[in-house]
Amino acid sequence: MKDLKLGVALCGSFCTFAAAVKMIEHLVVDLGIDVYPIMSNNAYEISTRFGKSEDFIAKIETITGKSIIHTIPGAEPLGPRGIIDAILIAPCTGNTLSKLAHGLTDTAVTLSAKSLLRNAKPVIIAISTNDGLGINLQNIGTLITNQSVFFVPFAQDDHINKPFSLISDLSLVPATLEAALEFKQIQPIITKY
């Protein structure tokens, strides 16, 4: 995977940003992957109780050595010009999941994914959504049938207090990437959290 040019996109599941930054660091430092960081508008602009947006942006740009792509014009050339070989959306919110399932491209993340899908390149999704076993289950079902879409294995993160919530196990990102690059879905897709 050392020659891999990977788009890594973050959506607004702010509670997972610290883990996502560690994952990006592992991909770049330990695995030698050339990461192109991408953020949705909300992920790029909103500070929350989980941290300031400018702090996450600074960390990600320092790790990758690249400016974060956060606009539609910035994302548009990624697929057509062959800038990236695959994209990992981690975290992928229910909102972004829904947009991908219905072909909506109104953020840098969704346009980046679409630009790869139209060229049959791998789109890897690490979901983090409170309604994955609710209304968004149909969107998971829609996307899982696409031969270019692959899921990082996921589980219920709190089946008692949030029975519809799903989150991917980011420690399985490298194995999922390896399989996805061969157009295979890592198994089992549903795991223990």
# chains A, B, ... in the order shown; residues from 1 in each chain; ligands from 1
>>> residues_around(residues="stretch 89-91 of chain A", least_positions_apart="4", cutoff="10 Å", atoms="only C-alpha atoms", output="ChimeraX atom specification")
/A:7-17,19-21,23-24,38-39,96-97,109-110,112-113,123-129,151-152,167-168,170,173
>>> select_by_dssp(residues="stretch 6-192 of chain A", states="alpha helix (DSSP H)", output="ChimeraX atom specification")
/A:17-25,41-45,53-64,72-75,94-101,108-117,137-144,173-180
>>> residues_around(residues="A:Glu76", least_positions_apart="3", cutoff="8 Å", atoms="only C-alpha atoms", output="PyMOL selection string")
chain A and resi 72-73+79-80+108+111-112+115
>>> write_last_selection(atoms="C-alpha atoms", output="PDB file, in the first residue's frame")
ATOM      1  CA  ILE A  72     -16.450  21.368  -4.343  1.00  0.00           C
ATOM      2  CA  PRO A  73     -13.986  22.998  -6.800  1.00  0.00           C
ATOM      3  CA  GLY A  79     -11.183  11.355  -9.722  1.00  0.00           C
ATOM      4  CA  PRO A  80     -11.019  12.657 -13.307  1.00  0.00           C
ATOM      5  CA  ALA A 108     -16.353  18.013  -1.044  1.00  0.00           C
ATOM      6  CA  LEU A 111     -18.265  14.888  -4.851  1.00  0.00           C
ATOM      7  CA  SER A 112     -14.925  13.170  -4.174  1.00  0.00           C
ATOM      8  CA  SER A 115     -15.735  11.181  -8.889  1.00  0.00           C
TER       9      SER A 115
END
>>> closest_residue(among="A:Asp3, A:Cys92, A:Ile87, A:Gly82", to="A:Leu31", atoms="only C-alpha atoms")
A:Asp3
>>> closest_residue(among="A:Ile60, A:Ile69, A:Ile186, A:Ile140", to="A:Lys99", atoms="only C-alpha atoms")
A:Ile140
>>> closest_residue(among="A:Asn41, A:Gln138, A:Asn119, A:Thr176", to="A:Ile84", atoms="only C-alpha atoms")
A:Asn119
>>> atom_distance(atom1="atom CA of A:Glu61", atom2="atom CA of A:Glu25")
10.6 Å
>>> select_by_dssp(residues="stretch 128-164 of chain A", states="strand (DSSP E)", output="ChimeraX atom specification")
/A:128-129,149-151,154-156
>>> write_last_selection(atoms="all heavy atoms", output="PDB file, in the first residue's frame")
ATOM      1  N   SER A 128     -20.345   6.070  11.104  1.00  0.00           N
ATOM      2  CA  SER A 128     -20.520   6.526  12.478  1.00  0.00           C
ATOM      3  C   SER A 128     -21.840   7.283  12.486  1.00  0.00           C
ATOM      4  O   SER A 128     -21.895   8.465  12.168  1.00  0.00           O
ATOM      5  CB  SER A 128     -19.370   7.438  12.913  1.00  0.00           C
ATOM      6  OG  SER A 128     -19.574   7.887  14.238  1.00  0.00           O
ATOM      7  N   THR A 129     -22.906   6.560  12.803  1.00  0.00           N
ATOM      8  CA  THR A 129     -24.235   7.146  12.717  1.00  0.00           C
ATOM      9  C   THR A 129     -25.150   6.625  13.818  1.00  0.00           C
ATOM     10  O   THR A 129     -25.128   5.443  14.140  1.00  0.00           O
ATOM     11  CB  THR A 129     -24.873   6.880  11.333  1.00  0.00           C
ATOM     12  OG1 THR A 129     -26.208   7.381  11.323  1.00  0.00           O
ATOM     13  CG2 THR A 129     -24.876   5.412  10.968  1.00  0.00           C
ATOM     14  N   VAL A 149     -18.112  -0.053  -3.603  1.00  0.00           N
ATOM     15  CA  VAL A 149     -18.253   0.463  -2.239  1.00  0.00           C
ATOM     16  C   VAL A 149     -17.965  -0.655  -1.244  1.00  0.00           C
ATOM     17  O   VAL A 149     -18.494  -1.765  -1.371  1.00  0.00           O
ATOM     18  CB  VAL A 149     -19.660   1.047  -1.989  1.00  0.00           C
ATOM     19  CG1 VAL A 149     -19.833   1.460  -0.535  1.00  0.00           C
ATOM     20  CG2 VAL A 149     -19.919   2.233  -2.919  1.00  0.00           C
ATOM     21  N   PHE A 150     -17.134  -0.330  -0.257  1.00  0.00           N
ATOM     22  CA  PHE A 150     -16.732  -1.312   0.758  1.00  0.00           C
ATOM     23  C   PHE A 150     -16.871  -0.688   2.134  1.00  0.00           C
ATOM     24  O   PHE A 150     -16.628   0.507   2.304  1.00  0.00           O
ATOM     25  CB  PHE A 150     -15.286  -1.757   0.500  1.00  0.00           C
ATOM     26  CG  PHE A 150     -15.097  -2.247  -0.909  1.00  0.00           C
ATOM     27  CD1 PHE A 150     -14.693  -1.379  -1.904  1.00  0.00           C
ATOM     28  CD2 PHE A 150     -15.379  -3.554  -1.241  1.00  0.00           C
ATOM     29  CE1 PHE A 150     -14.553  -1.797  -3.216  1.00  0.00           C
ATOM     30  CE2 PHE A 150     -15.247  -4.001  -2.554  1.00  0.00           C
ATOM     31  CZ  PHE A 150     -14.837  -3.112  -3.539  1.00  0.00           C
ATOM     32  N   PHE A 151     -17.256  -1.486   3.105  1.00  0.00           N
ATOM     33  CA  PHE A 151     -17.470  -0.992   4.459  1.00  0.00           C
ATOM     34  C   PHE A 151     -16.393  -1.508   5.408  1.00  0.00           C
ATOM     35  O   PHE A 151     -16.057  -2.698   5.386  1.00  0.00           O
ATOM     36  CB  PHE A 151     -18.837  -1.434   4.984  1.00  0.00           C
ATOM     37  CG  PHE A 151     -19.981  -0.630   4.439  1.00  0.00           C
ATOM     38  CD1 PHE A 151     -20.544  -0.925   3.213  1.00  0.00           C
ATOM     39  CD2 PHE A 151     -20.488   0.439   5.163  1.00  0.00           C
ATOM     40  CE1 PHE A 151     -21.596  -0.186   2.701  1.00  0.00           C
ATOM     41  CE2 PHE A 151     -21.538   1.196   4.668  1.00  0.00           C
ATOM     42  CZ  PHE A 151     -22.088   0.880   3.433  1.00  0.00           C
ATOM     43  N   PHE A 154     -18.420  -2.884  11.167  1.00  0.00           N
ATOM     44  CA  PHE A 154     -19.078  -2.017  12.140  1.00  0.00           C
ATOM     45  C   PHE A 154     -19.901  -2.835  13.128  1.00  0.00           C
ATOM     46  O   PHE A 154     -20.160  -4.020  12.914  1.00  0.00           O
ATOM     47  CB  PHE A 154     -19.959  -0.980  11.428  1.00  0.00           C
ATOM     48  CG  PHE A 154     -20.946  -1.565  10.447  1.00  0.00           C
ATOM     49  CD1 PHE A 154     -22.166  -2.064  10.875  1.00  0.00           C
ATOM     50  CD2 PHE A 154     -20.643  -1.626   9.094  1.00  0.00           C
ATOM     51  CE1 PHE A 154     -23.076  -2.608   9.973  1.00  0.00           C
ATOM     52  CE2 PHE A 154     -21.535  -2.158   8.178  1.00  0.00           C
ATOM     53  CZ  PHE A 154     -22.766  -2.653   8.623  1.00  0.00           C
ATOM     54  N   ALA A 155     -20.288  -2.160  14.201  1.00  0.00           N
ATOM     55  CA  ALA A 155     -21.084  -2.795  15.252  1.00  0.00           C
ATOM     56  C   ALA A 155     -21.916  -1.729  15.951  1.00  0.00           C
ATOM     57  O   ALA A 155     -21.718  -0.531  15.750  1.00  0.00           O
ATOM     58  CB  ALA A 155     -20.164  -3.483  16.265  1.00  0.00           C
ATOM     59  N   GLN A 156     -22.838  -2.196  16.779  1.00  0.00           N
ATOM     60  CA  GLN A 156     -23.554  -1.276  17.660  1.00  0.00           C
ATOM     61  C   GLN A 156     -22.577  -0.836  18.741  1.00  0.00           C
ATOM     62  O   GLN A 156     -21.935  -1.663  19.379  1.00  0.00           O
ATOM     63  CB  GLN A 156     -24.746  -1.970  18.308  1.00  0.00           C
ATOM     64  CG  GLN A 156     -25.881  -2.269  17.353  1.00  0.00           C
ATOM     65  CD  GLN A 156     -26.981  -3.047  18.040  1.00  0.00           C
ATOM     66  OE1 GLN A 156     -26.876  -4.254  18.173  1.00  0.00           O
ATOM     67  NE2 GLN A 156     -28.005  -2.335  18.485  1.00  0.00           N
TER      68      GLN A 156
END
